[in-house]
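One file, model_1.cif, carrying mmCIF, C-alpha atoms and all ligand atoms:
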```
data_entry
loop_
_atom_site.label_atom_id
_atom_site.label_comp_id
_atom_site.auth_asym_id
_atom_site.auth_seq_id
_atom_site.Cartn_x
_atom_site.Cartn_y
_atom_site.Cartn_z
CA MET A 104 52.56 17.07 21.82
CA ARG A 105 50.03 14.30 22.13
CA VAL A 106 46.44 15.49 21.90
CA GLN A 107 44.19 13.83 24.42
CA GLN A 108 40.98 12.76 22.71
CA LEU A 109 37.74 13.17 24.58
CA ALA A 110 35.92 9.92 25.25
CA SER A 111 33.02 9.62 22.89
CA HIS A 112 30.03 7.39 22.24
CA SER A 113 29.64 5.87 18.81
CA LEU A 114 26.73 4.12 17.18
CA ILE A 115 27.58 2.14 14.08
CA PHE A 116 24.24 1.17 12.52
CA ARG A 117 25.05 -1.40 9.87
CA THR A 118 22.87 -0.58 6.87
CA HIS A 119 21.83 -3.14 4.29
CA SER A 120 19.57 -2.74 1.28
CA SER A 121 16.94 -4.88 3.03
CA SER A 122 16.82 -2.63 6.10
CA ARG A 123 17.65 0.85 4.86
CA TYR A 124 14.16 2.29 5.33
CA SER A 125 14.00 1.24 8.98
CA VAL A 126 17.56 2.48 9.55
CA ALA A 127 16.56 5.88 8.09
CA ALA A 128 13.53 6.12 10.40
CA LEU A 129 15.41 4.97 13.51
CA ILE A 130 18.33 7.33 12.97
CA GLY A 131 15.71 10.04 12.42
CA ALA A 132 14.31 9.21 15.89
CA ILE A 133 17.83 9.46 17.36
CA GLU A 134 18.38 12.85 15.71
CA LEU A 135 15.21 14.11 17.39
CA ASP A 136 16.30 13.03 20.86
CA GLU A 137 18.17 15.89 22.52
CA ARG A 138 19.78 13.53 25.03
CA LEU A 139 21.67 11.85 22.20
CA VAL A 140 23.26 14.89 20.54
CA GLU A 141 26.74 13.75 21.60
CA LEU A 142 26.32 10.34 20.01
CA ASP A 143 28.42 9.91 16.89
CA VAL A 144 26.16 8.06 14.43
CA GLN A 145 27.39 6.25 11.35
CA ALA A 146 25.39 4.04 9.00
CA PRO A 147 27.90 2.20 6.82
CA PRO A 148 26.82 -0.30 4.16
CA ASP A 149 29.71 -2.55 5.32
CA LEU A 150 31.14 -3.11 8.77
CA SER A 151 34.84 -2.42 8.51
CA LEU A 152 36.91 -3.78 11.39
CA LYS A 153 39.11 -0.71 11.09
CA SER A 154 36.25 1.70 11.75
CA VAL A 155 35.02 -0.40 14.69
CA ARG A 156 38.56 -0.41 16.16
CA TYR A 157 38.80 3.35 15.70
CA ALA A 158 35.46 3.89 17.44
CA ILE A 159 36.53 1.65 20.36
CA GLU A 160 39.76 3.63 20.78
CA ARG A 161 37.66 6.77 21.16
CA GLY A 162 35.14 5.42 23.62
CA GLN A 163 31.97 3.39 24.03
CA THR A 164 30.95 1.66 20.83
CA ILE A 165 27.50 0.32 20.04
CA ILE A 166 26.80 -1.65 16.87
CA ALA A 167 23.21 -2.03 15.69
CA HIS A 168 21.56 -4.26 13.08
CA SER A 169 18.00 -4.24 11.84
CA VAL A 170 17.47 -7.96 11.25
CA MET A 171 15.08 -9.39 8.68
CA SER A 172 14.31 -13.12 8.93
CA THR A 173 15.73 -13.62 5.43
CA GLN A 174 19.06 -12.08 6.48
CA THR A 175 19.94 -13.91 9.70
CA GLU A 176 22.74 -16.02 8.19
CA ARG A 177 24.62 -12.94 6.98
CA VAL A 178 23.97 -10.90 10.14
CA TYR A 179 24.96 -13.67 12.58
CA GLU A 180 28.18 -14.24 10.65
CA GLU A 181 29.04 -10.53 10.88
CA VAL A 182 28.27 -10.49 14.60
CA ARG A 183 30.51 -13.56 15.12
CA LYS A 184 33.40 -11.80 13.39
CA ILE A 185 32.98 -8.63 15.47
CA ARG A 186 32.78 -10.61 18.71
CA LYS A 187 35.85 -12.66 17.80
CA GLN A 188 37.84 -9.52 17.09
CA PHE A 189 36.59 -7.17 19.80
CA GLY A 190 34.97 -9.35 22.48
CA ASN A 191 32.95 -7.26 24.92
CA ASP A 192 34.51 -3.96 23.84
CA VAL A 193 31.39 -3.46 21.75
CA THR A 194 27.71 -3.62 22.64
CA ILE A 195 25.60 -5.18 19.91
CA ILE A 196 21.88 -4.40 19.54
CA GLY A 197 19.43 -6.05 17.15
CA GLY A 198 16.02 -4.79 16.12
CA GLY A 199 13.69 -5.29 13.17
CA ALA A 200 11.33 -8.09 12.22
CA HIS A 201 13.43 -11.05 13.32
CA ALA A 202 14.34 -9.46 16.66
CA SER A 203 10.63 -8.97 17.32
CA ILE A 204 9.83 -12.59 16.58
CA ARG A 205 12.84 -14.48 17.96
CA PRO A 206 14.70 -12.10 20.29
CA LYS A 207 16.38 -14.89 22.25
CA GLU A 208 17.82 -16.32 19.04
CA LEU A 209 19.65 -13.02 18.47
CA LEU A 210 21.07 -13.19 21.98
CA THR A 211 22.37 -16.72 21.48
CA ASN A 212 24.02 -15.49 18.29
CA GLY A 213 26.10 -12.82 19.97
CA PHE A 214 23.77 -9.84 20.43
CA ASP A 215 23.64 -8.14 23.82
CA TYR A 216 20.13 -6.76 23.41
CA ALA A 217 17.18 -7.31 21.12
CA VAL A 218 14.49 -4.67 20.67
CA VAL A 219 11.02 -6.11 20.15
CA GLY A 220 8.40 -4.22 18.15
CA GLU A 221 8.50 -0.66 16.88
CA GLY A 222 11.85 0.91 17.66
CA GLU A 223 11.25 4.67 17.63
CA VAL A 224 10.72 4.91 21.40
CA ALA A 225 12.72 1.94 22.71
CA PHE A 226 15.90 2.26 20.63
CA PRO A 227 16.84 5.87 21.58
CA GLU A 228 15.94 5.07 25.20
CA LEU A 229 18.18 2.00 25.16
CA LEU A 230 21.07 4.03 23.70
CA TRP A 231 20.67 6.70 26.36
CA GLN A 232 20.66 4.13 29.15
CA LEU A 233 23.76 2.43 27.75
CA MET A 234 25.58 5.76 27.37
CA ASN A 235 24.86 6.46 31.02
CA ASN A 236 25.89 3.00 32.23
CA LYS A 237 22.37 2.21 33.36
CA SER A 238 20.68 -1.13 33.07
CA PRO A 239 18.02 -1.06 30.35
CA SER A 240 16.02 -3.83 32.02
CA GLU A 241 13.14 -1.44 32.71
CA ILE A 242 12.42 -0.87 29.00
CA PRO A 243 9.65 -3.40 28.29
CA SER A 244 10.60 -4.00 24.67
CA VAL A 245 14.30 -4.55 25.34
CA ILE A 246 15.31 -8.17 25.78
CA ALA A 247 18.60 -9.03 27.48
CA LYS A 248 20.07 -12.41 28.42
CA THR A 249 18.53 -12.10 31.87
CA THR A 250 15.03 -11.17 30.62
CA GLU A 251 12.51 -13.82 31.54
CA GLU A 252 9.26 -12.32 30.24
CA ILE A 253 9.52 -11.82 26.49
CA SER A 254 7.22 -9.10 25.19
CA VAL A 255 5.37 -9.51 21.92
CA PRO A 256 4.78 -6.47 19.68
CA LYS A 257 0.97 -6.47 20.07
CA ASP A 258 1.26 -5.98 23.85
CA LEU A 259 3.56 -2.96 23.56
CA PRO A 260 2.45 0.67 23.20
CA ILE A 261 2.08 1.67 19.57
CA VAL A 262 4.07 4.49 18.05
CA ASP A 263 2.40 7.71 16.92
CA LEU A 264 3.98 8.26 13.51
CA ASP A 265 3.61 12.04 13.82
CA SER A 266 5.99 12.08 16.79
CA TYR A 267 8.92 10.81 14.69
CA PRO A 268 10.53 11.75 11.40
CA PRO A 269 10.19 9.40 8.45
CA PHE A 270 13.93 9.63 7.74
CA ALA A 271 17.22 11.01 9.02
CA LEU A 272 17.72 14.46 7.57
CA LYS A 273 20.83 15.42 9.55
CA THR A 274 22.68 12.21 8.71
CA ASN A 275 21.21 12.44 5.21
CA ILE A 276 19.77 8.92 5.18
CA LEU A 277 16.58 9.32 3.27
CA GLY A 278 13.89 7.01 2.02
CA PRO A 279 10.19 6.87 1.34
CA VAL A 280 7.80 8.48 3.78
CA GLU A 281 5.95 5.86 5.81
CA VAL A 282 2.38 7.15 5.69
CA THR A 283 0.57 4.16 7.16
CA ARG A 284 1.51 1.47 9.65
CA GLY A 285 -0.52 -1.56 10.71
CA CYS A 286 -2.93 -3.68 8.69
CA PRO A 287 -6.36 -5.07 9.64
CA PHE A 288 -6.09 -7.99 7.20
CA HIS A 289 -4.47 -11.23 8.22
CA CYS A 290 -3.06 -12.74 5.06
CA LYS A 291 -1.44 -15.89 6.35
CA PHE A 292 1.78 -15.46 4.38
CA CYS A 293 2.48 -11.99 5.82
CA SER A 294 4.17 -11.05 9.09
CA THR A 295 3.02 -7.40 9.06
CA PRO A 296 -0.01 -8.03 11.34
CA PHE A 297 2.25 -9.65 13.94
CA LEU A 298 4.85 -6.91 13.73
CA THR A 299 2.80 -3.72 13.55
CA GLY A 300 -0.63 -4.90 14.68
CA GLY A 301 -4.07 -4.72 13.15
CA ARG A 302 -4.74 -1.11 14.09
CA VAL A 303 -4.07 1.18 11.17
CA ARG A 304 -2.28 4.43 11.92
CA HIS A 305 -1.53 7.19 9.44
CA ARG A 306 1.04 9.95 9.51
CA SER A 307 -0.93 13.20 9.33
CA ILE A 308 -0.96 15.29 6.17
CA GLU A 309 0.65 18.13 8.11
CA SER A 310 3.53 15.95 9.29
CA ILE A 311 4.09 14.41 5.83
CA THR A 312 4.08 17.84 4.20
CA ASN A 313 6.40 19.40 6.78
CA TRP A 314 8.99 16.62 6.53
CA LEU A 315 8.91 16.72 2.75
CA LYS A 316 9.36 20.51 2.74
CA LEU A 317 12.40 20.08 5.00
CA ALA A 318 13.77 17.31 2.78
CA VAL A 319 13.48 19.59 -0.26
CA GLU A 320 15.15 22.48 1.60
CA LYS A 321 17.93 20.57 3.33
CA SER A 322 18.62 17.56 1.12
CA GLY A 323 17.52 18.73 -2.29
CA PHE A 324 14.70 16.18 -2.49
CA GLU A 325 13.08 16.38 -5.94
CA ARG A 326 10.83 13.34 -5.78
CA THR A 327 9.21 11.23 -3.12
CA TRP A 328 7.79 7.76 -2.56
CA PHE A 329 5.56 6.52 0.22
CA LEU A 330 5.51 3.41 2.32
CA SER A 331 2.22 1.73 3.20
CA PRO A 332 0.90 -1.83 3.44
CA ASN A 333 -2.07 -0.69 1.35
CA ALA A 334 -1.62 2.81 -0.07
CA LEU A 335 -5.28 3.38 -0.98
CA CYS A 336 -6.38 2.95 2.64
CA TYR A 337 -4.78 6.29 3.58
CA GLY A 338 -6.93 8.28 6.00
CA GLY A 339 -9.31 5.50 7.04
CA HIS A 340 -9.48 2.46 9.28
CA GLY A 341 -7.92 0.22 6.69
CA ARG A 342 -10.97 -1.68 5.45
CA LYS A 343 -12.16 0.81 2.86
CA ALA A 344 -10.77 3.68 0.85
CA GLU A 345 -11.24 7.30 1.91
CA PRO A 346 -10.71 9.07 -1.43
CA GLU A 347 -11.38 12.58 -0.08
CA LYS A 348 -8.68 12.27 2.57
CA LEU A 349 -6.29 10.75 0.06
CA GLU A 350 -6.88 13.64 -2.30
CA VAL A 351 -6.17 16.22 0.42
CA LEU A 352 -2.84 14.46 1.05
CA LEU A 353 -1.93 14.38 -2.64
CA LYS A 354 -2.97 18.00 -3.14
CA SER A 355 -0.83 19.07 -0.22
CA VAL A 356 2.36 17.20 -1.18
CA THR A 357 2.17 18.00 -4.89
CA LYS A 358 2.02 21.72 -3.98
CA ILE A 359 5.42 21.62 -2.28
CA GLU A 360 7.74 23.86 -4.21
CA GLY A 361 10.80 22.02 -5.49
CA LEU A 362 9.22 18.57 -5.14
CA ASP A 363 8.84 17.74 -8.80
CA GLU A 364 7.54 14.18 -8.67
CA VAL A 365 5.28 12.33 -6.26
CA PHE A 366 5.00 8.55 -6.61
CA PHE A 367 2.00 7.02 -4.84
CA GLY A 368 0.63 3.47 -5.00
CA SER A 369 3.72 2.17 -6.72
CA PHE A 370 6.62 0.22 -5.22
CA PRO A 371 7.53 0.13 -2.28
CA SER A 372 3.81 0.46 -1.53
CA GLU A 373 1.11 -1.84 -2.77
CA VAL A 374 -2.66 -1.60 -3.10
CA ARG A 375 -5.26 -4.25 -2.39
CA PRO A 376 -7.44 -4.95 -5.45
CA GLU A 377 -10.82 -4.23 -3.86
CA PHE A 378 -9.67 -0.65 -3.08
CA VAL A 379 -9.12 0.12 -6.76
CA THR A 380 -11.93 2.07 -8.44
CA LYS A 381 -11.99 4.11 -11.61
CA ALA A 382 -12.79 7.29 -9.63
CA ILE A 383 -9.83 6.86 -7.27
CA LEU A 384 -7.37 6.07 -10.05
CA ASP A 385 -8.60 9.01 -12.18
CA MET A 386 -8.08 11.25 -9.17
CA LEU A 387 -4.61 9.75 -8.53
CA ARG A 388 -3.67 10.23 -12.19
CA GLY A 389 -4.13 13.97 -11.74
CA TYR A 390 -1.40 14.16 -9.07
CA VAL A 391 1.14 11.36 -9.29
CA ALA A 392 4.18 10.83 -11.47
CA ASN A 393 4.14 7.03 -11.48
CA ASP A 394 3.06 5.08 -14.54
CA THR A 395 2.68 1.86 -12.60
CA ILE A 396 0.42 0.87 -9.77
CA GLN A 397 1.37 -2.09 -7.58
CA ILE A 398 -1.58 -4.46 -7.13
CA GLY A 399 -1.46 -7.54 -4.92
CA LEU A 400 -3.30 -10.39 -6.64
CA GLN A 401 -1.06 -13.26 -5.38
CA SER A 402 -2.78 -16.25 -7.02
CA SER A 403 -4.99 -17.32 -9.91
CA SER A 404 -6.96 -19.59 -7.60
CA ASN A 405 -9.84 -18.44 -5.41
CA ARG A 406 -9.32 -21.58 -3.36
CA VAL A 407 -5.68 -20.68 -2.60
CA LEU A 408 -6.61 -17.03 -1.87
CA LYS A 409 -9.29 -18.19 0.54
CA LEU A 410 -6.91 -20.59 2.27
CA ALA A 411 -4.45 -17.71 2.67
CA ASN A 412 -7.19 -15.55 4.22
CA ARG A 413 -6.67 -12.95 1.55
CA HIS A 414 -10.25 -11.64 1.58
CA HIS A 415 -10.50 -10.84 -2.11
CA THR A 416 -11.18 -12.94 -5.17
CA VAL A 417 -9.32 -13.43 -8.43
CA GLU A 418 -12.21 -11.65 -10.18
CA GLU A 419 -11.76 -8.59 -7.96
CA GLY A 420 -8.06 -8.67 -8.79
CA MET A 421 -8.73 -8.84 -12.52
CA ASP A 422 -11.26 -5.98 -12.27
CA ALA A 423 -8.65 -3.86 -10.48
CA ILE A 424 -6.09 -4.63 -13.18
CA ARG A 425 -8.49 -3.69 -15.98
CA THR A 426 -9.50 -0.52 -14.13
CA ALA A 427 -5.85 0.47 -13.74
CA LEU A 428 -5.24 -0.07 -17.46
CA ASP A 429 -8.33 2.02 -18.30
CA ALA A 430 -7.05 4.81 -16.08
CA GLY A 431 -3.73 4.84 -17.91
CA PHE A 432 -1.62 3.00 -15.32
CA ILE A 433 0.49 -0.07 -15.95
CA PRO A 434 -0.62 -2.53 -13.28
CA HIS A 435 2.39 -4.17 -11.65
CA VAL A 436 0.84 -7.34 -10.29
CA ASP A 437 2.24 -9.22 -7.30
CA MET A 438 2.01 -13.00 -7.48
CA ILE A 439 3.17 -15.64 -5.00
CA PHE A 440 3.96 -19.10 -6.33
CA GLY A 441 3.85 -22.21 -4.17
CA LEU A 442 1.47 -20.91 -1.51
CA PRO A 443 0.44 -23.60 1.00
CA GLY A 444 -2.24 -25.87 -0.38
CA GLU A 445 -1.59 -24.87 -4.00
CA THR A 446 -1.77 -27.83 -6.39
CA LYS A 447 0.58 -28.30 -9.32
CA GLU A 448 -2.26 -27.35 -11.63
CA GLU A 449 -2.97 -24.15 -9.68
CA LEU A 450 0.72 -23.26 -9.79
CA HIS A 451 0.70 -23.69 -13.56
CA ASP A 452 -2.49 -21.59 -13.79
CA SER A 453 -0.82 -18.78 -11.84
CA VAL A 454 2.19 -18.86 -14.14
CA LYS A 455 -0.12 -18.86 -17.16
CA LEU A 456 -2.07 -15.94 -15.69
CA CYS A 457 1.19 -13.95 -15.60
CA TYR A 458 1.50 -14.44 -19.37
CA ASP A 459 -2.14 -13.35 -19.82
CA LEU A 460 -1.52 -10.26 -17.70
CA VAL A 461 1.47 -9.30 -19.80
CA GLU A 462 -0.66 -9.78 -22.89
CA MET A 463 -3.19 -7.33 -21.39
CA GLY A 464 -0.45 -4.72 -20.87
CA ALA A 465 0.44 -5.39 -17.22
CA LYS A 466 3.80 -6.21 -15.63
CA THR A 467 4.23 -8.90 -13.01
CA HIS A 468 6.20 -9.18 -9.79
CA GLY A 469 6.98 -12.76 -8.83
CA HIS A 470 7.60 -14.22 -5.39
CA VAL A 471 8.08 -17.77 -4.22
CA PHE A 472 6.23 -18.45 -1.01
CA MET A 473 8.52 -18.13 2.03
CA PRO A 474 7.38 -19.31 5.48
CA LEU A 475 8.09 -16.02 7.25
CA PRO A 476 8.50 -16.21 11.01
CA GLY A 477 5.64 -14.33 12.66
CA SER A 478 3.23 -15.14 9.83
CA GLU A 479 0.41 -17.65 10.22
CA TYR A 480 2.12 -19.79 7.57
CA GLU A 481 5.35 -19.88 9.57
CA ASP A 482 5.24 -23.66 9.91
CA ALA A 483 4.21 -24.33 6.31
CA LYS A 484 6.47 -25.98 3.77
CA PRO A 485 8.46 -23.61 1.52
CA GLY A 486 7.16 -22.80 -1.95
CA ARG A 487 8.72 -24.95 -4.63
CA LEU A 488 8.57 -24.50 -8.38
CA ASP A 489 8.81 -27.26 -10.91
CA VAL A 490 11.13 -27.21 -13.90
CA GLU A 491 8.48 -25.97 -16.29
CA SER A 492 7.31 -23.11 -14.04
CA ARG A 493 10.89 -22.05 -13.44
CA ARG A 494 11.51 -22.01 -17.17
CA LEU A 495 8.39 -19.99 -17.92
CA LEU A 496 9.02 -17.47 -15.13
CA GLY A 497 12.65 -17.18 -16.23
CA GLU A 498 11.42 -16.32 -19.70
CA LEU A 499 9.14 -13.58 -18.32
CA SER A 500 12.01 -12.16 -16.26
CA ARG A 501 14.36 -12.18 -19.25
CA ARG A 502 11.75 -10.29 -21.26
CA LYS A 503 11.51 -7.81 -18.36
CA ASP A 504 7.82 -8.59 -17.98
CA MET A 505 8.45 -9.90 -14.48
CA THR A 506 10.43 -8.31 -11.67
CA GLY A 507 11.12 -9.76 -8.25
CA SER A 508 13.58 -12.15 -6.66
CA TRP A 509 11.48 -15.28 -7.09
CA SER A 510 14.47 -17.40 -8.08
CA THR A 511 16.59 -16.52 -5.02
CA GLN A 512 13.50 -16.76 -2.83
CA GLU A 513 13.27 -20.50 -3.52
CA GLY A 514 16.57 -20.93 -1.65
CA ILE A 515 15.63 -18.44 1.08
CA ALA A 516 12.31 -20.26 1.59
CA GLU A 517 14.16 -23.55 2.21
CA TYR A 518 16.51 -21.77 4.62
CA LEU A 519 13.60 -20.23 6.56
CA TYR A 520 11.84 -23.59 6.70
CA SER A 521 14.87 -25.26 8.26
CA GLN A 522 15.35 -22.34 10.69
CA ASN A 523 11.69 -22.48 11.70
CA LYS A 524 11.96 -26.19 12.41
CA GLU A 525 15.13 -25.63 14.43
CA SER A 526 13.48 -22.85 16.43
CA GLN A 527 10.45 -25.03 17.09
CA GLY A 528 12.77 -27.80 18.30
CA SER A 529 14.59 -25.44 20.65
CA SER A 530 11.36 -24.00 22.09
CA GLU A 531 10.10 -27.53 22.75
CA ASP A 532 13.28 -28.44 24.69
S1 LIG A 601 -0.25 -8.87 2.68
FE1 LIG A 601 -0.85 -6.72 2.79
S2 LIG A 601 -3.05 -6.79 3.21
FE2 LIG A 601 -2.26 -8.80 3.72
S3 LIG A 601 -1.78 -8.73 5.91
FE3 LIG A 601 0.08 -8.20 4.79
S4 LIG A 601 0.11 -6.00 4.69
FE4 LIG A 601 -1.99 -6.63 5.19
#
```

So, in terms of structure tokens, how does the structure I just supplied come out?
Ligand code: SF4
Amino acid sequence: MRVQQLASHSLIFRTHSSSRYSVAALIGAIELDERLVELDVQAPPDLSLKSVRYAIERGQTIIAHSVMSTQTERVYEEVRKIRKQFGNDVTIIGGGAHASIRPKELLTNGFDYAVVGEGEVAFPELLWQLMNNKSPSEIPSVIAKTTEEISVPKDLPIVDLDSYPPFALKTNILGPVEVTRGCPFHCKFCSTPFLTGGRVRHRSIESITNWLKLAVEKSGFERTWFLSPNALCYGGHGRKAEPEKLEVLLKSVTKIEGLDEVFFGSFPSEVRPEFVTKAILDMLRGYVANDTIQIGLQSSSNRVLKLANRHHTVEEGMDAIRTALDAGFIPHVDMIFGLPGETKEELHDSVKLCYDLVEMGAKTHGHVFMPLPGSEYEDAKPGRLDVESRRLLGELSRRKDMTGSWSTQEGIAEYLYSQNKESQGSSED
């Protein structure tokens, strides 16, 4: 006897290492939405044609990608393959940083819809509308081929972090807890201000603690990390530290039974140098399990920092590094080589500073400047190293005194530069 299968709705959310934290948060938002309980959600690290075919045989199939600007080549190629194989039997949605900046580009590359800005509200709503054969044109942050007015993230309502989970407990896609979103600084190399706005929002201590307790209970969480553009700004408006509020948070999460280790201020978070004080780090030391603290210094030149609108000096950076060492942390110092306006001499000074930092007991994290869409430096030339700098940075990496993908970023920076020029050309047409 042939068993008749019930028509179903499937969401295949392609997960990649570059987007796994946003996938975890968005699937968490779907899990919370009672209207979507019937939706079969998968988050595979690869898109297998077989699983897409199987989903189509069972019913409506939606494929989603969270698209970073550095990943467009790979994502567009995958979308082309899916379209070639399955035509309009699938609906393809794109979100994430690149969708927020160039939504129409996604549509011309095979996507049906692009979600601009924060996805926690818009993405579940879009899924629900699609599952009910409605037109999602009323959702302001959803861009379709027919959309004429393109929203920008800053004009859209901002998400209250407490209303959504930091990860997807039911699907067991976990990640760091995003404690802070938004940044009041406008470093010109960074797209965060464009994407999440200048208003800083924090997840409340109660919400963080509750989700972590659940993660311990249901997923056997033993350690946790946090996600923040500037971890030491927790609890305040983003321009200065609020150590008392930070301590209440740390006290609360380190009390959770079963959660053995709490990592705060280390990767994937970072701290701005002028927020680092001996008192704060001594307090942190009493709670956290991390040995390192991630400090954004970015350049050895005050001139380059000023040009980049960084709002701190090299001296403040060096003070923060010394303070971290005194407090028993290993400073893990972020540096960007080839920032716009940097001279050859300044590049060499930054590379030399990395050697000095290692000598002091720090580790370094190297980047090559990439003209990120949405950043103020979007139209700037890509960072380029010379042979000597490449050799010296390679030596640091080999000695494990430098982490980071600086060598692949040189190629990505060139790619972004050519894409930015192309996009400029098409918007001028
Ligand atoms: S680099 Fe950090 S401090 Fe600067 S704008 Fe981006 S998130 Fe804010």

Taking only C-alpha atoms into account, which of A:Arg388, A:Asp482, A:Gly444, A:Thr380 comes nearest Thr426 of chain A?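 Closest residue, counting only C-alpha atoms: A:Thr380.
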
Kindly provide, as a PyMOL selection string, all nucleotide and amino acid residues lying within 9 Å of ligand LIG 601 (chain A), counting only C-alpha atoms and all ligand atoms. chain A and resi 285-296+301+331-333+373-375+399+412-414

Give me, please, the distance in Å between atom CA of Ser403 of chain A and atom CA of Ala423 of chain A, quoted to one decimal.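 Between atom CA of Ser403 of chain A and atom CA of Ala423 of chain A the gap is 14.0 Å.
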
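Closest approach to Leu496 of chain A among A:Pro268, A:Gly514, A:Gly469, A:Gly131 is made by A:Gly469 (distances from all atoms listed in the file).
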
Protein, DNA and RNA residues within 7 Å of (12.3, 6.6, 4.2), all atoms listed in the file, as a list of chain:residue names: A:Tyr124, A:Ala127, A:Ala128, A:Pro269, A:Phe270, A:Leu277, A:Gly278, A:Pro279, A:Val280, A:Glu281

Measuring between all atoms listed in the file, which one of A:Thr395, A:Leu317, A:Leu152, A:Glu377 shows the shortest distance to Glu360 of chain A?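 Selected residue with least distance to Glu360 of chain A: A:Leu317.
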
Which distance in Å separates atom CA of Pro443 of chain A and atom CA of Ser478 of chain A, to one decimal?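 One can read the atom CA of Pro443 of chain A to atom CA of Ser478 of chain A distance as 12.5 Å.
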
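What separates atom CA of Pro206 of chain A from atom CA of Thr118 of chain A is a distance of 19.5 Å.
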
Minimum-distance residue to Ile515 of chain A, chosen among A:Ser125, A:Asn212, A:Ser151, A:Thr175 (using all atoms listed in the file): A:Thr175

Residues of segment 108-127 of chain A at most 12 Å from segment 232-235 of chain A: nearest atom pair and distance in Å, all atoms listed in the file, as CSV:
```
residue,atom,partner,partner_atom,distance
A:Ala110,CA,A:Met234,CA,11.3
A:Ser111,CA,A:Met234,CA,9.5
A:His112,CA,A:Met234,CA,7.0
A:Ser113,CA,A:Met234,CA,9.5
A:Leu114,CA,A:Met234,CA,10.4
```

Counting all atoms listed in the file, which of A:Val471, A:Val436, A:Val219, A:Leu400 gets nearest to Val245 of chain A? A:Val219

So that I can see what lies close to Glu448 of chain A, please list as a PyMOL selection string the residues with an atom at most 12 Å from it, counting only C-alpha atoms and leaving out residues fewer than 5 positions away in the same chain. chain A and resi 403-404+407+440-441+453-455+488-489+491-492

Counting only C-alpha atoms, the residue of A:Ala202, A:Leu384, A:Val155, A:Leu139 that sits nearest Arg186 of chain A: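 So, comparing all the options, the nearest one is A:Val155.
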
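Residues lying at most 7 Å from (9.3, -20.0, -3.1) in file coordinates, with all atoms listed in the file considered, are Phe440, Gly441, His470, Val471, Phe472, Met473, Pro485, Gly486, Arg487, Leu488, Trp509, Gln512, Glu513 and Ala516 of chain A.
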
Now that the selection is made, can you save its residues with C-alpha atoms as a CSV table (one decimal), in the frame of the given file?
```
chain,number,residue,atom,x,y,z
A,440,PHE,CA,4.0,-19.1,-6.3
A,441,GLY,CA,3.8,-22.2,-4.2
A,470,HIS,CA,7.6,-14.2,-5.4
A,471,VAL,CA,8.1,-17.8,-4.2
A,472,PHE,CA,6.2,-18.4,-1.0
A,473,MET,CA,8.5,-18.1,2.0
A,485,PRO,CA,8.5,-23.6,1.5
A,486,GLY,CA,7.2,-22.8,-2.0
A,487,ARG,CA,8.7,-25.0,-4.6
A,488,LEU,CA,8.6,-24.5,-8.4
A,509,TRP,CA,11.5,-15.3,-7.1
A,512,GLN,CA,13.5,-16.8,-2.8
A,513,GLU,CA,13.3,-20.5,-3.5
A,516,ALA,CA,12.3,-20.3,1.6
```

If you count only C-alpha atoms, which residues fall within 12 Å of Leu387 of chain A, apart from same-chain ones fewer than 6 positions away, as a ChimeraX atom specification? /A:334-335,346-347,349-354,357,365-369,379-381,393-396,427,430-432
